[in-house]
$ cat my_file.cif   # mmCIF, N, CA and C atoms
data_run
loop_
_atom_site.group_PDB
_atom_site.id
_atom_site.type_symbol
_atom_site.label_atom_id
_atom_site.label_comp_id
_atom_site.auth_asym_id
_atom_site.auth_seq_id
_atom_site.Cartn_x
_atom_site.Cartn_y
_atom_site.Cartn_z
ATOM 1 N N MET K 1 1.429 -1.743 -30.450
ATOM 2 C CA MET K 1 2.093 -0.826 -29.555
ATOM 3 C C MET K 1 3.301 -1.543 -28.957
ATOM 4 N N SER K 2 4.417 -0.864 -28.927
ATOM 5 C CA SER K 2 5.628 -1.477 -28.372
ATOM 6 C C SER K 2 5.530 -1.546 -26.847
ATOM 7 N N ASP K 3 6.362 -2.402 -26.278
ATOM 8 C CA ASP K 3 6.327 -2.593 -24.827
ATOM 9 C C ASP K 3 6.697 -1.324 -24.070
ATOM 10 N N SER K 4 7.683 -0.577 -24.558
ATOM 11 C CA SER K 4 8.086 0.640 -23.857
ATOM 12 C C SER K 4 6.990 1.709 -23.949
ATOM 13 N N ALA K 5 6.331 1.803 -25.086
ATOM 14 C CA ALA K 5 5.242 2.763 -25.221
ATOM 15 C C ALA K 5 4.072 2.367 -24.319
ATOM 16 N N PHE K 6 3.812 1.085 -24.206
ATOM 17 C CA PHE K 6 2.747 0.611 -23.328
ATOM 18 C C PHE K 6 3.046 1.004 -21.889
ATOM 19 N N PHE K 7 4.289 0.846 -21.479
ATOM 20 C CA PHE K 7 4.675 1.194 -20.114
ATOM 21 C C PHE K 7 4.648 2.701 -19.893
ATOM 22 N N LEU K 8 5.256 3.460 -20.805
ATOM 23 C CA LEU K 8 5.366 4.909 -20.617
ATOM 24 C C LEU K 8 4.039 5.638 -20.782
ATOM 25 N N ASN K 9 3.174 5.157 -21.666
ATOM 26 C CA ASN K 9 1.888 5.821 -21.875
ATOM 27 C C ASN K 9 0.987 5.735 -20.646
ATOM 28 N N TYR K 10 1.164 4.701 -19.840
ATOM 29 C CA TYR K 10 0.320 4.498 -18.658
ATOM 30 C C TYR K 10 1.133 4.587 -17.371
ATOM 31 N N LEU K 11 2.221 5.347 -17.398
ATOM 32 C CA LEU K 11 3.116 5.451 -16.253
ATOM 33 C C LEU K 11 2.418 5.929 -14.970
ATOM 34 N N PRO K 12 1.535 6.933 -15.020
ATOM 35 C CA PRO K 12 0.856 7.327 -13.774
ATOM 36 C C PRO K 12 0.065 6.178 -13.150
ATOM 37 N N PHE K 13 -0.575 5.388 -13.979
ATOM 38 C CA PHE K 13 -1.328 4.239 -13.464
ATOM 39 C C PHE K 13 -0.405 3.241 -12.791
ATOM 40 N N TRP K 14 0.719 2.917 -13.432
ATOM 41 C CA TRP K 14 1.629 1.923 -12.869
ATOM 42 C C TRP K 14 2.217 2.406 -11.555
ATOM 43 N N VAL K 15 2.622 3.668 -11.505
ATOM 44 C CA VAL K 15 3.261 4.198 -10.299
ATOM 45 C C VAL K 15 2.282 4.202 -9.124
ATOM 46 N N VAL K 16 1.086 4.714 -9.340
ATOM 47 C CA VAL K 16 0.097 4.782 -8.257
ATOM 48 C C VAL K 16 -0.340 3.376 -7.843
ATOM 49 N N ASN K 17 -0.662 2.535 -8.793
ATOM 50 C CA ASN K 17 -1.163 1.196 -8.489
ATOM 51 C C ASN K 17 -0.126 0.357 -7.748
ATOM 52 N N TYR K 18 1.078 0.295 -8.271
ATOM 53 C CA TYR K 18 2.107 -0.526 -7.626
ATOM 54 C C TYR K 18 2.627 0.118 -6.349
ATOM 55 N N GLY K 19 2.688 1.435 -6.296
ATOM 56 C CA GLY K 19 3.110 2.101 -5.070
ATOM 57 C C GLY K 19 2.158 1.817 -3.915
ATOM 58 N N LEU K 20 0.855 1.929 -4.169
ATOM 59 C CA LEU K 20 -0.118 1.621 -3.124
ATOM 60 C C LEU K 20 -0.133 0.130 -2.786
ATOM 61 N N ALA K 21 0.104 -0.721 -3.777
ATOM 62 C CA ALA K 21 0.157 -2.160 -3.504
ATOM 63 C C ALA K 21 1.334 -2.502 -2.595
ATOM 64 N N ILE K 22 2.467 -1.864 -2.822
ATOM 65 C CA ILE K 22 3.637 -2.116 -1.972
ATOM 66 C C ILE K 22 3.348 -1.714 -0.529
ATOM 67 N N VAL K 23 2.727 -0.562 -0.346
ATOM 68 C CA VAL K 23 2.422 -0.104 1.005
ATOM 69 C C VAL K 23 1.365 -1.001 1.652
ATOM 70 N N LEU K 24 0.355 -1.411 0.892
ATOM 71 C CA LEU K 24 -0.691 -2.282 1.419
ATOM 72 C C LEU K 24 -0.109 -3.597 1.925
ATOM 73 N N TRP K 25 0.664 -4.274 1.111
ATOM 74 C CA TRP K 25 1.222 -5.567 1.509
ATOM 75 C C TRP K 25 2.285 -5.402 2.592
ATOM 76 N N SER K 26 2.961 -4.273 2.604
ATOM 77 C CA SER K 26 3.933 -4.023 3.671
ATOM 78 C C SER K 26 3.229 -3.795 5.009
ATOM 79 N N CYS K 27 2.056 -3.179 4.987
ATOM 80 C CA CYS K 27 1.278 -3.026 6.228
ATOM 81 C C CYS K 27 0.903 -4.391 6.787
ATOM 82 N N LEU K 28 0.461 -5.282 5.924
ATOM 83 C CA LEU K 28 0.113 -6.627 6.388
ATOM 84 C C LEU K 28 1.354 -7.380 6.855
ATOM 85 N N GLY K 29 2.461 -7.207 6.160
ATOM 86 C CA GLY K 29 3.712 -7.831 6.582
ATOM 87 C C GLY K 29 4.188 -7.294 7.919
ATOM 88 N N ARG K 30 4.039 -6.005 8.125
ATOM 89 C CA ARG K 30 4.427 -5.399 9.408
ATOM 90 C C ARG K 30 3.579 -5.963 10.541
ATOM 91 N N PHE K 31 2.292 -6.131 10.291
ATOM 92 C CA PHE K 31 1.392 -6.692 11.300
ATOM 93 C C PHE K 31 1.796 -8.121 11.653
ATOM 94 N N LEU K 32 2.048 -8.944 10.653
ATOM 95 C CA LEU K 32 2.415 -10.341 10.907
ATOM 96 C C LEU K 32 3.807 -10.466 11.515
ATOM 97 N N LEU K 33 4.724 -9.644 11.080
ATOM 98 C CA LEU K 33 6.086 -9.712 11.608
ATOM 99 C C LEU K 33 6.146 -9.297 13.074
ATOM 100 N N ALA K 34 5.222 -8.458 13.501
ATOM 101 C CA ALA K 34 5.203 -8.023 14.899
ATOM 102 C C ALA K 34 4.987 -9.187 15.861
ATOM 103 N N PHE K 35 4.366 -10.272 15.404
ATOM 104 C CA PHE K 35 4.152 -11.442 16.260
ATOM 105 C C PHE K 35 5.406 -12.303 16.402
ATOM 106 N N PHE K 36 6.315 -12.219 15.453
ATOM 107 C CA PHE K 36 7.456 -13.116 15.431
ATOM 108 C C PHE K 36 8.749 -12.512 15.947
ATOM 109 N N VAL K 37 8.910 -11.228 15.875
ATOM 110 C CA VAL K 37 10.171 -10.613 16.287
ATOM 111 C C VAL K 37 9.972 -9.461 17.278
ATOM 112 N N PRO K 38 9.162 -9.642 18.307
ATOM 113 C CA PRO K 38 8.932 -8.498 19.193
ATOM 114 C C PRO K 38 10.157 -8.083 19.990
ATOM 115 N N SER K 39 11.047 -9.006 20.300
ATOM 116 C CA SER K 39 12.187 -8.644 21.136
ATOM 117 C C SER K 39 13.295 -7.950 20.350
ATOM 118 N N MET K 40 13.385 -8.195 19.044
ATOM 119 C CA MET K 40 14.487 -7.611 18.279
ATOM 120 C C MET K 40 14.015 -6.612 17.228
ATOM 121 N N GLN K 41 12.839 -6.062 17.381
ATOM 122 C CA GLN K 41 12.299 -5.147 16.381
ATOM 123 C C GLN K 41 13.179 -3.925 16.114
ATOM 124 N N PRO K 42 13.690 -3.243 17.117
ATOM 125 C CA PRO K 42 14.449 -2.022 16.803
ATOM 126 C C PRO K 42 15.733 -2.275 16.018
ATOM 127 N N THR K 43 16.326 -3.446 16.144
ATOM 128 C CA THR K 43 17.594 -3.693 15.468
ATOM 129 C C THR K 43 17.445 -4.524 14.204
ATOM 130 N N ASN K 44 16.294 -5.051 13.948
ATOM 131 C CA ASN K 44 16.073 -5.901 12.783
ATOM 132 C C ASN K 44 15.904 -5.027 11.536
ATOM 133 N N TYR K 45 16.762 -5.226 10.539
ATOM 134 C CA TYR K 45 16.698 -4.381 9.332
ATOM 135 C C TYR K 45 15.436 -4.641 8.515
ATOM 136 N N ILE K 46 14.896 -5.837 8.569
ATOM 137 C CA ILE K 46 13.646 -6.121 7.858
ATOM 138 C C ILE K 46 12.499 -5.354 8.511
ATOM 139 N N TRP K 47 12.462 -5.387 9.832
ATOM 140 C CA TRP K 47 11.424 -4.645 10.555
ATOM 141 C C TRP K 47 11.542 -3.150 10.266
ATOM 142 N N ARG K 48 12.750 -2.624 10.269
ATOM 143 C CA ARG K 48 12.940 -1.192 9.995
ATOM 144 C C ARG K 48 12.461 -0.839 8.591
ATOM 145 N N CYS K 49 12.644 -1.736 7.630
ATOM 146 C CA CYS K 49 12.171 -1.496 6.265
ATOM 147 C C CYS K 49 10.645 -1.437 6.225
ATOM 148 N N PHE K 50 9.999 -2.386 6.904
ATOM 149 C CA PHE K 50 8.533 -2.360 6.962
ATOM 150 C C PHE K 50 8.029 -1.074 7.616
ATOM 151 N N VAL K 51 8.669 -0.655 8.682
ATOM 152 C CA VAL K 51 8.252 0.571 9.370
ATOM 153 C C VAL K 51 8.475 1.788 8.472
ATOM 154 N N ALA K 52 9.604 1.837 7.784
ATOM 155 C CA ALA K 52 9.882 2.972 6.903
ATOM 156 C C ALA K 52 8.865 3.073 5.763
ATOM 157 N N LEU K 53 8.443 1.931 5.223
ATOM 158 C CA LEU K 53 7.473 1.941 4.125
ATOM 159 C C LEU K 53 6.059 2.298 4.575
ATOM 160 N N THR K 54 5.715 1.933 5.795
ATOM 161 C CA THR K 54 4.314 2.026 6.209
ATOM 162 C C THR K 54 4.033 3.047 7.293
ATOM 163 N N ASP K 55 5.042 3.694 7.804
ATOM 164 C CA ASP K 55 4.823 4.580 8.948
ATOM 165 C C ASP K 55 3.851 5.706 8.630
ATOM 166 N N TRP K 56 3.935 6.275 7.442
ATOM 167 C CA TRP K 56 3.035 7.369 7.080
ATOM 168 C C TRP K 56 1.577 6.894 7.057
ATOM 169 N N ALA K 57 1.345 5.676 6.564
ATOM 170 C CA ALA K 57 -0.022 5.162 6.477
ATOM 171 C C ALA K 57 -0.563 4.812 7.866
ATOM 172 N N VAL K 58 0.288 4.244 8.699
ATOM 173 C CA VAL K 58 -0.142 3.886 10.052
ATOM 174 C C VAL K 58 -0.423 5.150 10.871
ATOM 175 N N ARG K 59 0.397 6.169 10.715
ATOM 176 C CA ARG K 59 0.155 7.427 11.433
ATOM 177 C C ARG K 59 -1.131 8.100 10.966
ATOM 178 N N ALA K 60 -1.380 8.083 9.673
ATOM 179 C CA ALA K 60 -2.628 8.665 9.160
ATOM 180 C C ALA K 60 -3.830 7.879 9.657
ATOM 181 N N THR K 61 -3.693 6.575 9.741
ATOM 182 C CA THR K 61 -4.772 5.739 10.255
ATOM 183 C C THR K 61 -5.004 6.006 11.731
ATOM 184 N N ALA K 62 -3.940 6.234 12.476
ATOM 185 C CA ALA K 62 -4.076 6.515 13.909
ATOM 186 C C ALA K 62 -4.860 7.798 14.158
ATOM 187 N N VAL K 63 -4.783 8.745 13.237
ATOM 188 C CA VAL K 63 -5.506 10.008 13.401
ATOM 189 C C VAL K 63 -7.015 9.793 13.278
ATOM 190 N N VAL K 64 -7.440 8.932 12.363
ATOM 191 C CA VAL K 64 -8.876 8.748 12.120
ATOM 192 C C VAL K 64 -9.474 7.556 12.855
ATOM 193 N N THR K 65 -8.643 6.765 13.518
ATOM 194 C CA THR K 65 -9.122 5.589 14.237
ATOM 195 C C THR K 65 -9.354 5.951 15.695
ATOM 196 N N PRO K 66 -10.434 5.442 16.300
ATOM 197 C CA PRO K 66 -10.669 5.725 17.727
ATOM 198 C C PRO K 66 -9.495 5.276 18.593
ATOM 199 N N SER K 67 -9.284 5.974 19.689
ATOM 200 C CA SER K 67 -8.110 5.721 20.531
ATOM 201 C C SER K 67 -8.171 4.400 21.287
ATOM 202 N N PHE K 68 -9.343 3.773 21.400
ATOM 203 C CA PHE K 68 -9.418 2.503 22.114
ATOM 204 C C PHE K 68 -8.923 1.321 21.284
ATOM 205 N N VAL K 69 -8.660 1.524 20.004
ATOM 206 C CA VAL K 69 -8.113 0.471 19.151
ATOM 207 C C VAL K 69 -6.630 0.316 19.470
ATOM 208 N N PRO K 70 -6.170 -0.925 19.760
ATOM 209 C CA PRO K 70 -4.755 -1.109 20.083
ATOM 210 C C PRO K 70 -3.836 -0.752 18.911
ATOM 211 N N ALA K 71 -2.640 -0.295 19.244
ATOM 212 C CA ALA K 71 -1.677 0.111 18.210
ATOM 213 C C ALA K 71 -1.284 -1.065 17.325
ATOM 214 N N LEU K 72 -1.351 -2.281 17.850
ATOM 215 C CA LEU K 72 -1.009 -3.467 17.062
ATOM 216 C C LEU K 72 -1.947 -3.644 15.865
ATOM 217 N N LEU K 73 -3.181 -3.183 15.982
ATOM 218 C CA LEU K 73 -4.162 -3.349 14.905
ATOM 219 C C LEU K 73 -4.146 -2.220 13.879
ATOM 220 N N LEU K 74 -3.339 -1.215 14.084
ATOM 221 C CA LEU K 74 -3.315 -0.096 13.131
ATOM 222 C C LEU K 74 -2.792 -0.488 11.745
ATOM 223 N N PRO K 75 -1.741 -1.324 11.615
ATOM 224 C CA PRO K 75 -1.300 -1.683 10.257
ATOM 225 C C PRO K 75 -2.358 -2.394 9.402
ATOM 226 N N PRO K 76 -3.125 -3.400 9.925
ATOM 227 C CA PRO K 76 -4.154 -3.978 9.051
ATOM 228 C C PRO K 76 -5.289 -3.014 8.752
ATOM 229 N N ILE K 77 -5.580 -2.101 9.675
ATOM 230 C CA ILE K 77 -6.601 -1.085 9.393
ATOM 231 C C ILE K 77 -6.097 -0.145 8.303
ATOM 232 N N ALA K 78 -4.806 0.205 8.360
ATOM 233 C CA ALA K 78 -4.214 1.027 7.307
ATOM 234 C C ALA K 78 -4.270 0.303 5.965
ATOM 235 N N ALA K 79 -4.023 -1.015 5.967
ATOM 236 C CA ALA K 79 -4.103 -1.791 4.727
ATOM 237 C C ALA K 79 -5.524 -1.760 4.165
ATOM 238 N N PHE K 80 -6.517 -1.823 5.036
ATOM 239 C CA PHE K 80 -7.921 -1.736 4.613
ATOM 240 C C PHE K 80 -8.187 -0.417 3.892
ATOM 241 N N TRP K 81 -7.711 0.693 4.483
ATOM 242 C CA TRP K 81 -7.936 1.996 3.863
ATOM 243 C C TRP K 81 -7.137 2.167 2.581
ATOM 244 N N ILE K 82 -5.938 1.624 2.547
ATOM 245 C CA ILE K 82 -5.130 1.727 1.331
ATOM 246 C C ILE K 82 -5.760 0.914 0.206
ATOM 247 N N PHE K 83 -6.344 -0.237 0.537
ATOM 248 C CA PHE K 83 -7.050 -1.012 -0.482
ATOM 249 C C PHE K 83 -8.151 -0.174 -1.118
ATOM 250 N N HIS K 84 -8.915 0.518 -0.293
ATOM 251 C CA HIS K 84 -9.994 1.340 -0.832
ATOM 252 C C HIS K 84 -9.468 2.561 -1.580
ATOM 253 N N LEU K 85 -8.384 3.129 -1.106
ATOM 254 C CA LEU K 85 -7.755 4.227 -1.836
ATOM 255 C C LEU K 85 -7.266 3.763 -3.200
ATOM 256 N N ARG K 86 -6.709 2.572 -3.246
ATOM 257 C CA ARG K 86 -6.237 2.000 -4.510
ATOM 258 C C ARG K 86 -7.410 1.759 -5.472
ATOM 259 N N LEU K 87 -8.528 1.305 -4.945
ATOM 260 C CA LEU K 87 -9.714 1.085 -5.773
ATOM 261 C C LEU K 87 -10.245 2.400 -6.329
ATOM 262 N N VAL K 88 -10.317 3.422 -5.494
ATOM 263 C CA VAL K 88 -10.784 4.734 -5.952
ATOM 264 C C VAL K 88 -9.819 5.304 -6.984
ATOM 265 N N ALA K 89 -8.515 5.153 -6.745
ATOM 266 C CA ALA K 89 -7.529 5.648 -7.712
ATOM 267 C C ALA K 89 -7.684 4.937 -9.053
ATOM 268 N N PHE K 90 -7.936 3.636 -9.016
ATOM 269 C CA PHE K 90 -8.156 2.895 -10.261
ATOM 270 C C PHE K 90 -9.381 3.429 -11.003
ATOM 271 N N LEU K 91 -10.479 3.618 -10.282
ATOM 272 C CA LEU K 91 -11.706 4.088 -10.936
ATOM 273 C C LEU K 91 -11.539 5.492 -11.520
ATOM 274 N N VAL K 92 -10.834 6.360 -10.808
ATOM 275 C CA VAL K 92 -10.601 7.716 -11.322
ATOM 276 C C VAL K 92 -9.722 7.660 -12.571
ATOM 277 N N MET K 93 -8.660 6.869 -12.514
ATOM 278 C CA MET K 93 -7.775 6.764 -13.687
ATOM 279 C C MET K 93 -8.468 6.081 -14.855
ATOM 280 N N TRP K 94 -9.322 5.130 -14.567
ATOM 281 C CA TRP K 94 -10.087 4.470 -15.631
ATOM 282 C C TRP K 94 -11.016 5.480 -16.309
ATOM 283 N N ARG K 95 -11.629 6.332 -15.507
ATOM 284 C CA ARG K 95 -12.520 7.348 -16.052
ATOM 285 C C ARG K 95 -11.759 8.340 -16.920
ATOM 286 N N TRP K 96 -10.518 8.657 -16.544
ATOM 287 C CA TRP K 96 -9.695 9.594 -17.305
ATOM 288 C C TRP K 96 -8.992 8.937 -18.479
ATOM 289 N N GLY K 97 -9.122 7.623 -18.632
ATOM 290 C CA GLY K 97 -8.479 6.921 -19.735
ATOM 291 C C GLY K 97 -7.011 6.625 -19.510
ATOM 292 N N LEU K 98 -6.581 6.567 -18.251
ATOM 293 C CA LEU K 98 -5.187 6.312 -17.936
ATOM 294 C C LEU K 98 -4.896 4.845 -17.636
ATOM 295 N N VAL K 99 -5.902 3.998 -17.725
ATOM 296 C CA VAL K 99 -5.734 2.570 -17.443
ATOM 297 C C VAL K 99 -5.496 1.849 -18.768
ATOM 298 N N PRO K 100 -4.502 0.948 -18.807
ATOM 299 C CA PRO K 100 -4.250 0.229 -20.054
ATOM 300 C C PRO K 100 -5.435 -0.654 -20.442
ATOM 301 N N PRO K 101 -5.711 -0.759 -21.730
ATOM 302 C CA PRO K 101 -6.841 -1.572 -22.161
ATOM 303 C C PRO K 101 -6.536 -3.066 -22.015
ATOM 304 N N VAL K 102 -7.582 -3.834 -21.834
ATOM 305 C CA VAL K 102 -7.442 -5.291 -21.788
ATOM 306 C C VAL K 102 -7.589 -5.802 -23.213
ATOM 307 N N ALA K 103 -6.599 -6.551 -23.671
ATOM 308 C CA ALA K 103 -6.609 -7.066 -25.042
ATOM 309 C C ALA K 103 -7.650 -8.171 -25.168
ATOM 310 N N ALA K 104 -8.374 -8.162 -26.249
ATOM 311 C CA ALA K 104 -9.366 -9.208 -26.510
ATOM 312 C C ALA K 104 -8.649 -10.488 -26.900
ATOM 313 N N GLY K 105 -9.070 -11.578 -26.300
ATOM 314 C CA GLY K 105 -8.355 -12.836 -26.532
ATOM 315 C C GLY K 105 -8.950 -13.717 -27.486
#
$ encode --input "my_file.cif" --output "structure tokens"
Amino acid sequence: MSDSAFFLNYLPFWVVNYGLAIVLWSCLGRFLLAFFVPSMQPTNYIWRCFVALTDWAVRATAVVTPSFVPALLLPPIAAFWIFHLRLVAFLVMWRWGLVPPVAAG
């Protein structure tokens, strides 16, 4: 199988898997960055990028998380849920045959 066919045949898997991975690691990055740049967060372009990538996940997490949990802890909690969403997405795609096979070595 050619490289382009390998990529295109499993495109839904790649998009979902890498898209959720980007959001997951960005949630953790947003959490860690909050400790280092609290005074310049609104003007920092790196911080704005992390917020733009993860705001939807953090807001969804805030809806299902009890209100006594501090807002600072919402990004790692969102990363926890995204990890599990990514695992479920993998299992569903594997069941449907959308996951690329592992070559025997």
$ axis_aligned_box --input "my_file.cif" --around "region 68-72 of chain K" --padding-each-side "4 Å" --output "AutoDock Vina command-line options"
--center_x -5.2 --center_y 0.1 --center_z 19.0 --size_x 16.4 --size_y 15.4 --size_z 14.2
$ atom_distance --input "my_file.cif" --atom1 "CA of Leu72 (chain K)" --atom2 "CA of Phe31 (chain K)"
7.0 Å
$ closest_residue --input "my_file.cif" --among "K:Trp47, K:Phe83, K:Leu53, K:Val64" --to "Leu33 (chain K)" --atoms "all atoms listed in the file"
K:Trp47
$ select_by_dssp --input "my_file.cif" --residues "chain K" --states "helix (DSSP H, G or I)" --output "PyMOL selection string"
chain K and resi 3-9+11-36+45-64+71-96
$ residues_around --input "my_file.cif" --residues "region 74-79 of chain K" --least-positions-apart "3" --cutoff "7 Å" --atoms "only N, CA and C atoms" --output "list in words"
Val23, Leu24, Trp25, Cys27, Leu28, Arg30, Phe31, Ala57, Val58, Thr61, Ala62, Val69, Pro70, Ala71, Ile82, Phe83 and His84 of chain K
$ closest_residue --input "my_file.cif" --among "K:Leu32, K:Leu85, K:Ile46, K:Val99" --to "Asn9 (chain K)" --atoms "all atoms listed in the file"
K:Val99
$ residues_around --input "my_file.cif" --residues "region 92-96 of chain K" --least-positions-apart "3" --cutoff "10 Å" --atoms "only C-alpha atoms" --output "PyMOL selection string"
chain K and resi 10+12-13+16+86-89+99-101
$ atom_distance --input "my_file.cif" --atom1 "atom N of Phe36 (chain K)" --atom2 "CA of Asn17 (chain K)"
28.4 Å
$ atom_distance --input "my_file.cif" --atom1 "CA of Leu8 (chain K)" --atom2 "atom C of Phe50 (chain K)"
29.0 Å
